[in-house]
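This report refers to the structure that appears directly beneath it.
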Amino acid sequence: MVDELDRCLPSYAIKVLERIHHVFNELENVVVIIAMEKKQMSNSLHQIYGDEMDVDRYLKKIISLSFKLDNGSANNFIKKYESFMNMFIIQDQERDELEKFLKEITFGIEIRAQEKIFENAESIHRLMAEQEKMDSAILAFEVLVLCIKEKMSTVSMKWIVDTSGYPDVETRIGKDYFDSIRDYAKHIRQYPKKVNYKFVCKENDFVDKMIFIISGLYNEYKNNECDSFYCADKEIQQKLNFSTKVYELLKI
């Protein structure tokens with residue numbers, strides 16, 4: 001078994017591939033399994049043999065059967081990252097919604113990168129935490145910031161709460177992911193109830209409060225209002241202040 005062949009230097013990767021073929025080809029009771037990113041391997045082949053190289057034809061001579069593997073879909077986040085989750089107040093009735101949310105925002109991110117995201121979120125939160133357990137909206141905010149950073153290499157959150165078009169962001173993270181994240185704020189704008197002509201973020205909904213926090217990164221907070229959003233949570237300003245401090249560290 002050969003794993004991550006594409007991570008080797010181009011000349012070495014090609015040598016390994018060709019020598020494996022020459023040594024093990026047509027040997028009885030021997031199966032060689034090679035894991036690699038085809039796009040990167042194609043770049044290596046073009047670098048060695050030139051741009052006119054027919055990569056597919058070349059690989060078919062060496063690899064008899066190929067499968068494309070995606071990043072899979074993780075679940076059971078609350079159990080897997082228990083030490084991080086234990087720093088937040090997670091109500092029984094929101095556990096399923098939190099699992100769904102974490103699955104949506106980590107979509108397309110490979111498992112090892114996901115593990116690093118939760119590891120970083122836990123480290124920063126432990127460093128900054130003002131109390132033993134905090135609102136699950138802060139949990140959602142912290143993980144989302146790091147997921148956006150993983151997908152874009154930089155952190156930009158304004159596009160989530162701003163109704164303007166952001167074609168550059170959409171291109172970088174993909175339309176489906178872009179739309180799914182923007183839908184969190186869009187959903188709030190569809191609530192029939194308004195306060196002072198502001199869209200109401202439900203104080204018992206961690207996603208709504210997360211959206212309010214994101215809005216607070218770019219807009220002035222006053223009397224439970226931030227831009228076009230309102231939240232009646234009595235502690236929303238403290239949560240916003242804390243999240244803003246954490247955001248400054250997470251985006252580095």
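Just remember, in the structure tokens the first chain shown is A, the second B, etc., residues are 1-based per chain, and ligands are 1-based in the order shown.
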Inset, instruction - May I have the residues within 8 Å of stretch 200-205 of chain A as a PyMOL selection string, using only C-alpha atoms and disregarding those fewer than 6 positions away in the same chain? - result: chain A and resi 137+188-189+191+193-194+211-212+229-233
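Residues with any atom within 12 Å of stretch 48-60 of chain A, counting only C-alpha atoms and excluding same-chain neighbours fewer than 3 positions away, are Leu9, Pro10, Ser11, Tyr12, Ala13, Ile14, Lys15, Leu17, Glu18, His21, Ile34, Met36, Lys38, Lys39, Gln40, Met41, Ser42, Asn43, Ser44, Leu45, Ile63, Ser64, Leu65 and Ser66 of chain A.
The environment of A:Ile173 within 9 Å, counting only C-alpha atoms and disregarding residues fewer than 5 places along the same chain, consists of Ile148, Lys151, Met152, Asp168 and Phe178 of chain A.
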At a cut-off of 10 Å, using only C-alpha atoms, what residues contact A:Lys100? Leave out same-chain residues fewer than 5 positions from it and give the result as a PDB file with N, CA, C and O atoms, in the first residue's frame.
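In the end it all went to around18.pdb:
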ATOM      1  N   ASN A  75     -20.061  12.836  11.562  1.00  0.00           N
ATOM      2  CA  ASN A  75     -21.223  12.987  12.439  1.00  0.00           C
ATOM      3  C   ASN A  75     -20.788  12.744  13.883  1.00  0.00           C
ATOM      4  O   ASN A  75     -19.614  12.533  14.154  1.00  0.00           O
ATOM      5  N   ASN A  76     -21.740  12.786  14.809  1.00  0.00           N
ATOM      6  CA  ASN A  76     -21.461  12.600  16.230  1.00  0.00           C
ATOM      7  C   ASN A  76     -20.395  13.580  16.743  1.00  0.00           C
ATOM      8  O   ASN A  76     -19.477  13.212  17.480  1.00  0.00           O
ATOM      9  N   PHE A  77     -20.521  14.840  16.330  1.00  0.00           N
ATOM     10  CA  PHE A  77     -19.547  15.858  16.730  1.00  0.00           C
ATOM     11  C   PHE A  77     -19.532  16.060  18.244  1.00  0.00           C
ATOM     12  O   PHE A  77     -18.474  16.222  18.837  1.00  0.00           O
ATOM     13  N   GLU A  94     -31.635  21.057  21.649  1.00  0.00           N
ATOM     14  CA  GLU A  94     -30.891  21.620  20.531  1.00  0.00           C
ATOM     15  C   GLU A  94     -29.753  20.730  20.055  1.00  0.00           C
ATOM     16  O   GLU A  94     -29.039  21.079  19.124  1.00  0.00           O
ATOM     17  N   ARG A  95     -29.571  19.580  20.668  1.00  0.00           N
ATOM     18  CA  ARG A  95     -28.453  18.706  20.319  1.00  0.00           C
ATOM     19  C   ARG A  95     -28.527  18.258  18.858  1.00  0.00           C
ATOM     20  O   ARG A  95     -27.517  18.268  18.142  1.00  0.00           O
ATOM     21  N   ILE A 105     -21.599  22.965   8.198  1.00  0.00           N
ATOM     22  CA  ILE A 105     -20.508  23.929   8.050  1.00  0.00           C
ATOM     23  C   ILE A 105     -19.155  23.251   7.838  1.00  0.00           C
ATOM     24  O   ILE A 105     -18.215  23.889   7.353  1.00  0.00           O
TER      25      ILE A 105
END
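The nearest approach to A:Tyr184 among the residues A:Glu104, A:Glu122, A:Glu248, A:Asp3, with only C-alpha atoms taken into account, belongs to A:Glu104.
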Got a sec to tell me which of stretch 11-221 of chain A DSSP assigns to strand (DSSP E), as a PDB file with N, CA and C atoms, in the first residue's frame?
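Generated output (out-v2.pdb):
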ATOM      1  N   PHE A  88     -19.565  24.409  26.923  1.00  0.00           N
ATOM      2  CA  PHE A  88     -20.737  25.177  26.514  1.00  0.00           C
ATOM      3  C   PHE A  88     -22.008  24.580  27.098  1.00  0.00           C
ATOM      4  N   ILE A  89     -23.023  25.413  27.184  1.00  0.00           N
ATOM      5  CA  ILE A  89     -24.343  24.956  27.640  1.00  0.00           C
ATOM      6  C   ILE A  89     -25.124  24.498  26.417  1.00  0.00           C
ATOM      7  N   MET A 134     -20.330  28.450  28.507  1.00  0.00           N
ATOM      8  CA  MET A 134     -20.865  29.587  27.772  1.00  0.00           C
ATOM      9  C   MET A 134     -21.936  29.136  26.788  1.00  0.00           C
ATOM     10  N   ASP A 135     -22.604  30.091  26.181  1.00  0.00           N
ATOM     11  CA  ASP A 135     -23.726  29.842  25.270  1.00  0.00           C
ATOM     12  C   ASP A 135     -23.261  29.050  24.042  1.00  0.00           C
ATOM     13  N   LYS A 194     -41.355  41.430  14.040  1.00  0.00           N
ATOM     14  CA  LYS A 194     -40.275  42.412  14.005  1.00  0.00           C
ATOM     15  C   LYS A 194     -40.353  43.292  15.246  1.00  0.00           C
ATOM     16  N   VAL A 195     -39.204  43.812  15.657  1.00  0.00           N
ATOM     17  CA  VAL A 195     -39.124  44.752  16.779  1.00  0.00           C
ATOM     18  C   VAL A 195     -38.381  45.989  16.282  1.00  0.00           C
ATOM     19  N   LYS A 198     -36.795  45.748  13.045  1.00  0.00           N
ATOM     20  CA  LYS A 198     -35.617  44.882  12.962  1.00  0.00           C
ATOM     21  C   LYS A 198     -36.048  43.421  12.923  1.00  0.00           C
ATOM     22  N   PHE A 199     -35.264  42.598  12.246  1.00  0.00           N
ATOM     23  CA  PHE A 199     -35.517  41.158  12.209  1.00  0.00           C
ATOM     24  C   PHE A 199     -35.116  40.545  13.549  1.00  0.00           C
ATOM     25  N   VAL A 200     -35.986  39.734  14.105  1.00  0.00           N
ATOM     26  CA  VAL A 200     -35.792  39.208  15.457  1.00  0.00           C
ATOM     27  C   VAL A 200     -35.009  37.893  15.431  1.00  0.00           C
ATOM     28  N   CYS A 201     -33.866  37.897  16.092  1.00  0.00           N
ATOM     29  CA  CYS A 201     -33.084  36.674  16.303  1.00  0.00           C
ATOM     30  C   CYS A 201     -33.586  36.037  17.595  1.00  0.00           C
ATOM     31  N   TYR A 221     -23.481  48.027  18.067  1.00  0.00           N
ATOM     32  CA  TYR A 221     -24.510  47.420  18.919  1.00  0.00           C
ATOM     33  C   TYR A 221     -25.125  48.495  19.811  1.00  0.00           C
TER      34      TYR A 221
END
Inset, instruction - Compare A:Glu97, A:Asp176, A:Glu37, A:Glu130 by their minimum atom-to-atom distance to A:Phe67, counting only C-alpha atoms, and give me the closest one. - result: A:Glu37
Picked from stretch 2-203 of chain A by DSSP as helix (DSSP H, G or I), as a compact mmCIF listing (two decimals) with C-alpha atoms, in the first residue's frame:
# COMPACT_ATOMS: atom_id res chain seq x y z
CA LEU A 5 2.16 9.53 -3.32
CA ASP A 6 1.17 12.95 -4.69
CA ARG A 7 2.89 14.65 -1.71
CA PRO A 10 7.46 15.08 -8.78
CA SER A 11 10.54 13.14 -9.93
CA TYR A 12 10.45 10.82 -6.92
CA ALA A 13 6.69 10.23 -7.18
CA ILE A 14 7.01 9.17 -10.82
CA LYS A 15 9.96 6.89 -10.05
CA VAL A 16 8.01 5.16 -7.28
CA LEU A 17 4.96 4.73 -9.50
CA GLU A 18 6.95 3.27 -12.39
CA ARG A 19 9.10 0.99 -10.24
CA ILE A 20 6.05 -0.38 -8.42
CA HIS A 21 4.60 -1.23 -11.83
CA HIS A 22 7.79 -2.93 -13.07
CA VAL A 23 8.31 -4.94 -9.87
CA PHE A 24 4.78 -6.07 -9.08
CA LYS A 38 -4.91 12.65 -9.29
CA LYS A 39 -4.79 16.38 -10.04
CA GLN A 40 -1.50 16.78 -8.20
CA MET A 41 -0.08 13.65 -9.80
CA SER A 42 -1.09 15.02 -13.20
CA ASN A 43 0.85 18.18 -12.44
CA SER A 44 3.89 16.07 -11.55
CA LEU A 45 3.66 14.09 -14.78
CA HIS A 46 3.34 17.25 -16.86
CA GLN A 47 6.33 18.71 -15.04
CA ILE A 48 8.46 15.65 -15.87
CA TYR A 49 7.18 14.75 -19.35
CA VAL A 55 -2.01 11.57 -18.16
CA ASP A 56 -5.05 9.29 -18.35
CA ARG A 57 -3.42 7.04 -20.95
CA TYR A 58 -0.22 6.88 -18.92
CA LEU A 59 -1.98 5.98 -15.65
CA LYS A 60 -4.13 3.31 -17.31
CA LYS A 61 -0.95 1.40 -18.18
CA ILE A 62 -0.03 1.28 -14.49
CA PHE A 77 -19.55 15.86 16.73
CA ILE A 78 -20.80 16.32 20.30
CA LYS A 79 -19.40 12.95 21.37
CA LYS A 80 -16.21 13.08 19.31
CA GLU A 82 -16.59 16.10 24.04
CA SER A 83 -13.91 18.10 25.86
CA PHE A 84 -14.67 21.14 23.69
CA MET A 85 -18.44 20.70 23.85
CA ASP A 92 -31.13 18.65 25.17
CA GLN A 93 -33.62 20.00 22.66
CA GLU A 94 -30.89 21.62 20.53
CA ARG A 95 -28.45 18.71 20.32
CA ASP A 96 -29.86 17.41 17.02
CA GLU A 97 -29.85 20.91 15.51
CA LEU A 98 -26.29 21.45 16.65
CA GLU A 99 -25.19 18.17 15.07
CA LYS A 100 -26.91 19.19 11.83
CA PHE A 101 -25.30 22.64 11.91
CA LEU A 102 -21.79 21.28 12.49
CA LYS A 103 -22.26 18.75 9.71
CA GLU A 104 -23.33 21.51 7.30
CA ILE A 105 -20.51 23.93 8.05
CA ILE A 111 -11.53 14.84 8.49
CA ARG A 112 -7.99 15.73 9.54
CA ALA A 113 -8.64 19.40 8.83
CA GLN A 114 -11.89 19.17 10.82
CA GLU A 115 -10.00 17.75 13.79
CA LYS A 116 -7.54 20.64 13.61
CA ILE A 117 -10.42 23.12 13.51
CA PHE A 118 -11.96 21.78 16.72
CA GLU A 119 -8.53 21.53 18.36
CA ASN A 120 -7.81 25.19 17.57
CA ALA A 121 -11.26 26.30 18.67
CA GLU A 122 -10.85 24.52 22.00
CA SER A 123 -7.38 25.97 22.61
CA ILE A 124 -8.46 29.55 21.91
CA HIS A 125 -11.67 29.19 23.91
CA ARG A 126 -9.84 27.82 26.94
CA LEU A 127 -7.46 30.76 26.74
CA MET A 128 -10.22 33.37 26.49
CA SER A 136 -23.77 27.32 22.41
CA ALA A 137 -24.11 30.27 20.00
CA ILE A 138 -20.46 31.06 20.79
CA LEU A 139 -19.54 27.44 20.04
CA ALA A 140 -21.26 27.71 16.65
CA PHE A 141 -19.56 31.04 15.94
CA GLU A 142 -16.06 29.81 16.79
CA VAL A 143 -16.28 26.67 14.66
CA LEU A 144 -17.84 28.53 11.72
CA VAL A 145 -15.03 31.12 11.73
CA LEU A 146 -12.42 28.36 11.47
CA CYS A 147 -14.38 26.49 8.78
CA ILE A 148 -14.54 29.66 6.67
CA LYS A 149 -10.82 30.18 7.24
CA GLU A 150 -10.09 26.62 6.12
CA LYS A 151 -12.06 27.10 2.91
CA MET A 152 -10.80 30.60 2.08
CA LYS A 158 -19.67 40.06 6.44
CA TRP A 159 -21.05 38.25 3.39
CA ILE A 160 -23.06 36.01 5.73
CA VAL A 161 -25.23 38.84 7.09
CA PRO A 167 -19.12 36.63 -6.25
CA ASP A 168 -15.50 36.37 -5.10
CA VAL A 169 -16.51 34.53 -1.91
CA GLU A 170 -18.99 32.34 -3.78
CA THR A 171 -16.28 31.32 -6.24
CA ARG A 172 -13.77 30.48 -3.52
CA ILE A 173 -16.03 28.37 -1.29
CA LYS A 175 -22.10 28.14 -4.54
CA ASP A 176 -23.79 25.38 -2.50
CA TYR A 177 -21.74 26.10 0.60
CA PHE A 178 -22.11 29.86 0.09
CA ASP A 179 -25.90 29.58 -0.16
CA SER A 180 -26.22 27.21 2.81
CA ILE A 181 -24.37 29.62 5.13
CA ARG A 182 -26.23 32.70 3.88
CA ASP A 183 -29.52 30.86 4.44
CA TYR A 184 -29.04 31.15 8.23
CA ALA A 185 -29.49 34.92 8.04
CA LYS A 186 -32.07 34.65 5.25
CA HIS A 187 -34.19 32.41 7.48
CA ILE A 188 -34.31 35.09 10.20
CA ARG A 189 -35.44 37.72 7.69
